$ cat start-v4.pdb   # PDB, C-alpha atoms
ATOM      1  CA  MET A   1     169.937  57.684 -40.137
ATOM      2  CA  ALA A   2     172.451  59.717 -38.131
ATOM      3  CA  ALA A   3     173.587  63.024 -39.589
ATOM      4  CA  THR A   4     177.127  63.098 -40.901
ATOM      5  CA  LEU A   5     179.730  65.699 -39.960
ATOM      6  CA  PRO A   6     181.685  67.670 -42.581
ATOM      7  CA  HIS A   7     184.975  66.750 -40.886
ATOM      8  CA  PRO A   8     186.294  65.209 -37.628
ATOM      9  CA  ILE A   9     185.892  66.996 -34.301
ATOM     10  CA  ALA A  10     188.539  66.406 -31.639
ATOM     11  CA  TYR A  11     188.096  67.171 -27.943
ATOM     12  CA  ALA A  12     191.425  67.548 -26.128
ATOM     13  CA  ASP A  13     191.966  67.954 -22.388
ATOM     14  CA  GLY A  14     194.819  67.753 -19.898
ATOM     15  CA  SER A  15     194.975  67.165 -16.156
ATOM     16  CA  CYS A  16     197.630  67.311 -13.477
ATOM     17  CA  LEU A  17     197.505  65.915  -9.931
ATOM     18  CA  GLY A  18     199.491  68.705  -8.360
ATOM     19  CA  ASN A  19     201.170  71.376 -10.442
ATOM     20  CA  PRO A  20     203.799  70.137 -11.122
ATOM     21  CA  GLY A  21     202.962  66.501 -10.531
ATOM     22  CA  PRO A  22     201.731  63.368 -12.322
ATOM     23  CA  GLY A  23     199.684  64.373 -15.339
ATOM     24  CA  GLY A  24     197.541  62.928 -18.080
ATOM     25  CA  TRP A  25     195.944  63.903 -21.357
ATOM     26  CA  GLY A  26     192.772  62.684 -23.024
ATOM     27  CA  VAL A  27     191.347  62.975 -26.528
ATOM     28  CA  VAL A  28     187.933  62.127 -27.972
ATOM     29  CA  ILE A  29     187.652  62.143 -31.771
ATOM     30  CA  VAL A  30     184.237  62.214 -33.421
ATOM     31  CA  ASN A  31     184.486  60.916 -36.979
ATOM     32  CA  PRO A  32     182.307  62.281 -39.798
ATOM     33  CA  ASP A  33     180.069  59.190 -39.598
ATOM     34  CA  GLY A  34     179.388  59.900 -35.905
ATOM     35  CA  SER A  35     181.566  57.125 -34.511
ATOM     36  CA  THR A  36     184.067  58.014 -31.794
ATOM     37  CA  ARG A  37     187.486  56.900 -30.659
ATOM     38  CA  THR A  38     189.466  57.822 -27.574
ATOM     39  CA  LEU A  39     193.156  58.265 -26.791
ATOM     40  CA  SER A  40     195.017  59.016 -23.574
ATOM     41  CA  GLY A  41     198.491  59.087 -22.084
ATOM     42  CA  ALA A  42     200.394  60.226 -19.025
ATOM     43  CA  ASN A  43     203.602  61.809 -17.747
ATOM     44  CA  PRO A  44     204.966  61.140 -14.234
ATOM     45  CA  SER A  45     206.154  64.723 -13.690
ATOM     46  CA  THR A  46     204.619  67.569 -15.626
ATOM     47  CA  THR A  47     202.295  70.584 -15.391
ATOM     48  CA  ASN A  48     198.676  71.174 -16.289
ATOM     49  CA  ASN A  49     199.563  73.498 -19.167
ATOM     50  CA  ARG A  50     201.966  70.959 -20.679
ATOM     51  CA  MET A  51     199.263  68.320 -20.581
ATOM     52  CA  GLU A  52     196.761  70.668 -22.246
ATOM     53  CA  ILE A  53     199.204  71.306 -25.113
ATOM     54  CA  THR A  54     200.114  67.618 -25.347
ATOM     55  CA  ALA A  55     196.435  66.680 -25.647
ATOM     56  CA  ALA A  56     196.071  69.022 -28.627
ATOM     57  CA  ILE A  57     199.238  67.634 -30.245
ATOM     58  CA  GLU A  58     198.087  64.031 -29.861
ATOM     59  CA  ALA A  59     194.611  64.858 -31.162
ATOM     60  CA  LEU A  60     196.080  66.248 -34.385
ATOM     61  CA  ARG A  61     198.582  63.419 -34.744
ATOM     62  CA  ALA A  62     195.681  60.971 -34.719
ATOM     63  CA  LEU A  63     194.270  62.568 -37.880
ATOM     64  CA  ALA A  64     195.688  62.339 -41.390
ATOM     65  CA  PRO A  65     197.873  65.148 -42.745
ATOM     66  CA  GLY A  66     195.814  67.456 -44.935
ATOM     67  CA  ALA A  67     192.623  66.818 -42.962
ATOM     68  CA  THR A  68     190.286  69.538 -41.792
ATOM     69  CA  VAL A  69     189.532  69.213 -38.083
ATOM     70  CA  THR A  70     187.743  71.213 -35.421
ATOM     71  CA  LEU A  71     189.789  71.015 -32.228
ATOM     72  CA  ARG A  72     187.894  71.860 -29.058
ATOM     73  CA  SER A  73     189.599  72.534 -25.731
ATOM     74  CA  ASP A  74     188.525  74.137 -22.463
ATOM     75  CA  SER A  75     192.045  75.567 -22.122
ATOM     76  CA  GLN A  76     192.144  79.250 -23.017
ATOM     77  CA  TYR A  77     195.919  78.904 -22.711
ATOM     78  CA  VAL A  78     195.911  76.616 -25.769
ATOM     79  CA  ILE A  79     193.165  78.254 -27.811
ATOM     80  CA  LYS A  80     194.170  81.886 -27.251
ATOM     81  CA  THR A  81     197.834  81.109 -27.901
ATOM     82  CA  MET A  82     196.944  79.501 -31.234
ATOM     83  CA  THR A  83     194.341  82.077 -32.287
ATOM     84  CA  ALA A  84     195.020  85.346 -30.457
ATOM     85  CA  GLY A  85     198.800  85.426 -30.307
ATOM     86  CA  TRP A  86     199.243  85.045 -26.567
ATOM     87  CA  LYS A  87     202.943  85.347 -25.804
ATOM     88  CA  ARG A  88     204.812  82.061 -25.405
ATOM     89  CA  ASN A  89     207.072  82.259 -22.368
ATOM     90  CA  GLU A  90     207.214  78.576 -21.445
ATOM     91  CA  ASN A  91     206.710  75.111 -22.970
ATOM     92  CA  LEU A  92     208.371  76.221 -26.193
ATOM     93  CA  ASP A  93     209.240  72.623 -27.138
ATOM     94  CA  LEU A  94     205.562  71.656 -27.117
ATOM     95  CA  TRP A  95     204.418  74.803 -28.905
ATOM     96  CA  ARG A  96     206.824  73.957 -31.744
ATOM     97  CA  GLN A  97     205.307  70.489 -32.002
ATOM     98  CA  LEU A  98     201.767  71.861 -31.984
ATOM     99  CA  ASP A  99     202.644  74.426 -34.653
ATOM    100  CA  ALA A 100     204.090  71.658 -36.822
ATOM    101  CA  GLU A 101     201.063  69.385 -36.453
ATOM    102  CA  GLY A 102     198.691  72.282 -37.048
ATOM    103  CA  ALA A 103     200.547  73.308 -40.213
ATOM    104  CA  ARG A 104     199.939  69.842 -41.667
ATOM    105  CA  ARG A 105     196.179  70.160 -41.266
ATOM    106  CA  LYS A 106     193.453  72.784 -41.508
ATOM    107  CA  VAL A 107     192.567  73.325 -37.846
ATOM    108  CA  ILE A 108     189.526  75.197 -36.583
ATOM    109  CA  TRP A 109     190.338  76.074 -32.953
ATOM    110  CA  GLU A 110     187.343  76.321 -30.612
ATOM    111  CA  TRP A 111     187.237  77.051 -26.888
ATOM    112  CA  VAL A 112     184.545  75.273 -24.841
ATOM    113  CA  ARG A 113     183.756  76.089 -21.231
ATOM    114  CA  GLY A 114     184.918  73.320 -18.918
ATOM    115  CA  HIS A 115     182.423  71.539 -16.651
ATOM    116  CA  ALA A 116     179.507  73.083 -18.559
ATOM    117  CA  GLY A 117     177.647  69.960 -19.611
ATOM    118  CA  ASP A 118     179.467  69.091 -22.839
ATOM    119  CA  LYS A 119     179.582  65.283 -22.581
ATOM    120  CA  LEU A 120     182.543  64.803 -24.918
ATOM    121  CA  ASN A 121     184.592  67.495 -23.200
ATOM    122  CA  HIS A 122     183.763  65.777 -19.923
ATOM    123  CA  LEU A 123     184.866  62.428 -21.362
ATOM    124  CA  ALA A 124     188.205  63.898 -22.488
ATOM    125  CA  ASP A 125     188.662  65.287 -18.973
ATOM    126  CA  GLN A 126     187.894  61.884 -17.444
ATOM    127  CA  LEU A 127     190.406  60.188 -19.735
ATOM    128  CA  ALA A 128     193.097  62.685 -18.732
ATOM    129  CA  ARG A 129     192.404  62.333 -15.004
ATOM    130  CA  THR A 130     192.322  58.544 -15.210
ATOM    131  CA  ALA A 131     195.655  58.495 -17.036
ATOM    132  CA  ALA A 132     197.203  60.744 -14.375
ATOM    133  CA  SER A 133     195.792  58.579 -11.586
ATOM    134  CA  ARG A 134     197.345  55.468 -13.124
ATOM    135  CA  VAL A 135     200.777  57.094 -12.772
ATOM    136  CA  VAL A 136     200.114  57.725  -9.081
ATOM    137  CA  ASN A 137     198.864  54.186  -8.515
ATOM    138  CA  ALA A 138     201.862  52.705 -10.336
ATOM    139  CA  GLY A 139     204.124  54.741  -8.069
ATOM    140  CA  ARG A 140     202.336  53.429  -5.013
ATOM    141  CA  ARG A 141     202.811  49.842  -6.095
ATOM    142  CA  SER A 142     206.484  50.276  -6.927
ATOM    143  CA  ALA A 143     207.237  52.122  -3.684
ATOM    144  CA  GLY A 144     205.044  49.860  -1.570
ATOM    145  CA  ALA A 145     203.775  52.899   0.331
ATOM    146  CA  ALA A 146     200.274  54.252   0.914
ATOM    147  CA  LEU A 147     200.543  57.677  -0.695
ATOM    148  CA  ARG A 148     197.675  60.140  -0.761
ATOM    149  CA  THR A 149     196.491  61.008  -4.269
ATOM    150  CA  PRO A 150     196.790  64.766  -4.768
ATOM    151  CA  GLU A 151     193.697  66.718  -5.693
ATOM    152  CA  PRO A 152     193.440  67.769  -9.351
ATOM    153  CA  VAL A 153     194.480  71.354 -10.009
ATOM    154  CA  ASP A 154     191.485  73.666 -10.357
ATOM    155  CA  ASP A 155     192.826  75.273 -13.513
ATOM    156  CA  GLU A 156     191.935  78.920 -14.060
ATOM    157  CA  ASP A 157     191.037  78.004 -17.640
ATOM    158  CA  ASP A 158     187.718  76.782 -16.209
ATOM    159  CA  TRP A 159     186.913  80.329 -15.016
ATOM    160  CA  SER A 160     186.532  83.724 -16.628
ATOM    161  CA  LYS A 161     186.685  87.324 -15.412
ATOM    162  CA  ASP A 162     182.880  87.406 -15.475
ATOM    163  CA  ASP A 163     182.810  84.481 -13.012
ATOM    164  CA  LEU A 164     185.109  86.280 -10.578
ATOM    165  CA  ASP A 165     183.808  89.851 -10.804
ATOM    166  CA  PRO A 166     180.795  89.278  -8.483
ATOM    167  CA  LEU A 167     183.122  87.840  -5.823
ATOM    168  CA  LEU A 168     185.539  90.785  -5.720
ATOM    169  CA  ARG A 169     185.925  92.993  -2.666
ATOM    170  CA  PRO A 170     186.090  96.809  -2.947
ATOM    171  CA  GLY A 171     189.342  97.855  -4.602
ATOM    172  CA  GLU A 172     190.085  94.416  -6.115
ATOM    173  CA  ASP A 173     190.480  93.673  -9.809
ATOM    174  CA  VAL A 174     190.980  90.567 -11.988
ATOM    175  CA  ARG A 175     193.913  90.553 -14.412
ATOM    176  CA  HIS A 176     195.849  88.177 -16.635
ATOM    177  CA  CYS A 177     199.411  87.645 -15.437
ATOM    178  CA  ARG A 178     201.861  89.098 -17.971
ATOM    179  CA  ASN A 179     204.056  86.013 -17.649
ATOM    180  CA  CYS A 180     201.842  82.904 -17.386
ATOM    181  CA  ARG A 181     198.549  84.486 -18.560
ATOM    182  CA  ARG A 182     196.588  82.976 -15.671
ATOM    183  CA  LEU A 183     193.846  85.052 -14.049
ATOM    184  CA  PHE A 184     194.684  86.489 -10.627
ATOM    185  CA  VAL A 185     193.046  88.864  -8.152
ATOM    186  CA  THR A 186     194.891  91.978  -6.996
ATOM    187  CA  ALA A 187     194.144  95.070  -4.937
ATOM    188  CA  ASP A 188     197.023  97.120  -6.393
ATOM    189  CA  ASP A 189     198.618  97.715  -9.788
ATOM    190  CA  SER A 190     200.309  94.279  -9.959
ATOM    191  CA  ARG A 191     200.660  92.791 -13.429
ATOM    192  CA  TYR A 192     202.211  89.473 -12.330
ATOM    193  CA  CYS A 193     200.575  86.731 -10.239
ATOM    194  CA  SER A 194     202.072  85.222  -7.078
ATOM    195  CA  LEU A 195     203.603  82.099  -8.695
ATOM    196  CA  ALA A 196     207.335  81.979  -8.008
ATOM    197  CA  GLY A 197     208.360  81.994 -11.675
ATOM    198  CA  CYS A 198     206.144  84.984 -12.383
ATOM    199  CA  GLN A 199     207.466  86.894  -9.383
ATOM    200  CA  ILE A 200     211.038  86.252 -10.536
ATOM    201  CA  LYS A 201     210.089  87.603 -13.936
ATOM    202  CA  ALA A 202     208.452  90.672 -12.356
ATOM    203  CA  ARG A 203     211.438  91.471 -10.152
ATOM    204  CA  ARG A 204     213.867  91.164 -13.018
ATOM    205  CA  ALA A 205     211.754  93.377 -15.272
TER
END
$ encode --input "start-v4.pdb" --output "structure tokens"
Amino acid sequence: MAATLPHPIAYADGSCLGNPGPGGWGVVIVNPDGSTRTLSGANPSTTNNRMEITAAIEALRALAPGATVTLRSDSQYVIKTMTAGWKRNENLDLWRQLDAEGARRKVIWEWVRGHAGDKLNHLADQLARTAASRVVNAGRRSAGAALRTPEPVDDEDDWSKDDLDPLLRPGEDVRHCRNCRRLFVTADDSRYCSLAGCQIKARRA
């Protein structure tokens, strides 16, 4: 007889084909009796971070108010914002929704390393990528043109400072951008990454 779980576990993942670009989210819910169900959705123009937050929102919405749930995500952006108080500079509309859904349930937030052999995390990732690809394919059919599918964004959430340290050259360091919180490599005292929005923020500071 299969062991039962004390409460549901939800795996949530987002994907974006280009950043911004067509995106998708995927959710795998493991019920206390061990059965699973999956959910997914897409947005024709979005960002990877928005899809990561949306996946978490939809995972919670699929569970009854008042429930206890462990929510697992490979997005440090989501987990650290909800547990460690990372500053919210963007996507405020989605953060409000996630706060509201979280307040209706007892949520245990857990970060899992992406692409590290967790089958259910991998399934959530596949659901998100498939949903994003459907948007691209639908656009191809409606436009009647042979468009190249963009490569998925290699999100920095899949990497850590420990992964990058052995690859650094003399004088280089790995830091979190003060604006978007992504990891970036620098050889000076920069505190903002090279993304346009972050550079605008840095130059206005």
$ closest_residue --input "start-v4.pdb" --among "A:Arg105, A:Lys119, A:Arg72, A:Arg191" --to "Glu52 (chain A)" --atoms "all atoms listed in the file"
A:Arg72
$ residues_near_point --input "start-v4.pdb" --point "(197.1, 92.2, -7.9)" --cutoff "10 Å" --atoms "all atoms listed in the file" --output "short mmCIF file (atom, residue, chain, number, x, y, z; two decimals) with C-alpha atoms, in the coordinates of the input"
data_model
loop_
_atom_site.label_atom_id
_atom_site.label_comp_id
_atom_site.auth_asym_id
_atom_site.auth_seq_id
_atom_site.Cartn_x
_atom_site.Cartn_y
_atom_site.Cartn_z
CA GLU A 172 190.08 94.42 -6.12
CA ASP A 173 190.48 93.67 -9.81
CA VAL A 174 190.98 90.57 -11.99
CA ARG A 175 193.91 90.55 -14.41
CA HIS A 176 195.85 88.18 -16.64
CA CYS A 177 199.41 87.64 -15.44
CA LEU A 183 193.85 85.05 -14.05
CA PHE A 184 194.68 86.49 -10.63
CA VAL A 185 193.05 88.86 -8.15
CA THR A 186 194.89 91.98 -7.00
CA ALA A 187 194.14 95.07 -4.94
CA ASP A 188 197.02 97.12 -6.39
CA ASP A 189 198.62 97.72 -9.79
CA SER A 190 200.31 94.28 -9.96
CA ARG A 191 200.66 92.79 -13.43
CA TYR A 192 202.21 89.47 -12.33
CA CYS A 193 200.58 86.73 -10.24
CA SER A 194 202.07 85.22 -7.08
#
$ resolve_selection --input "start-v4.pdb" --expression "the PyMOL selection byres ((chain A and resi 12) around 7)" --output "ChimeraX atom specification"
/A:10-11,13,26-28,55-56,59,72-73,124
$ resolve_selection --input "start-v4.pdb" --expression "the PyMOL selection byres ((chain A and resi 87) around 9)" --output "MDAnalysis selection string"
chainID A and resid 81 85:86 88:89 178:181
$ resolve_selection --input "start-v4.pdb" --expression "the PyMOL selection byres ((chain A and resi 131) around 9)" --output "list in words"
Ser15, Gly23, Gly24, Trp25, Gly26, Ser40, Gly41, Ala42, Asn43, Gln126, Leu127, Ala128, Arg129, Thr130, Ala132, Ser133, Arg134 and Val135 of chain A
$ atom_distance --input "start-v4.pdb" --atom1 "CA of Pro32 (chain A)" --atom2 "CA of His115 (chain A)"
24.9 Å
$ atom_distance --input "start-v4.pdb" --atom1 "CA of Asn19 (chain A)" --atom2 "CA of Val107 (chain A)"
28.8 Å
$ closest_residue --input "start-v4.pdb" --among "A:Leu71, A:Ala196, A:Leu63, A:Ile57" --to "Leu98 (chain A)" --atoms "all atoms listed in the file"
A:Ile57
$ atom_distance --input "start-v4.pdb" --atom1 "CA of Asp74 (chain A)" --atom2 "CA of Asn137 (chain A)"
26.4 Å
$ residues_near_point --input "start-v4.pdb" --point "(202.7, 62.2, -11.2)" --cutoff "6 Å" --atoms "all atoms listed in the file" --output "ChimeraX atom specification"
/A:21-23,44-45,135-136
$ residues_around --input "start-v4.pdb" --residues "Ile29 (chain A)" --least-positions-apart "4" --cutoff "7 Å" --atoms "only C-alpha atoms" --output "ChimeraX atom specification"
/A:8-11,36-38
$ write_last_selection --input "start-v4.pdb" --atoms "C-alpha atoms" --output "mmCIF file, keeping the file's coordinate frame"
data_model
loop_
_atom_site.group_PDB
_atom_site.id
_atom_site.type_symbol
_atom_site.label_atom_id
_atom_site.label_comp_id
_atom_site.auth_asym_id
_atom_site.auth_seq_id
_atom_site.Cartn_x
_atom_site.Cartn_y
_atom_site.Cartn_z
ATOM 1 C CA PRO A 8 186.294 65.209 -37.628
ATOM 2 C CA ILE A 9 185.892 66.996 -34.301
ATOM 3 C CA ALA A 10 188.539 66.406 -31.639
ATOM 4 C CA TYR A 11 188.096 67.171 -27.943
ATOM 5 C CA THR A 36 184.067 58.014 -31.794
ATOM 6 C CA ARG A 37 187.486 56.900 -30.659
ATOM 7 C CA THR A 38 189.466 57.822 -27.574
#
$ closest_residue --input "start-v4.pdb" --among "A:Ile200, A:Ala205, A:Val112, A:Leu195" --to "Thr70 (chain A)" --atoms "only C-alpha atoms"
A:Val112
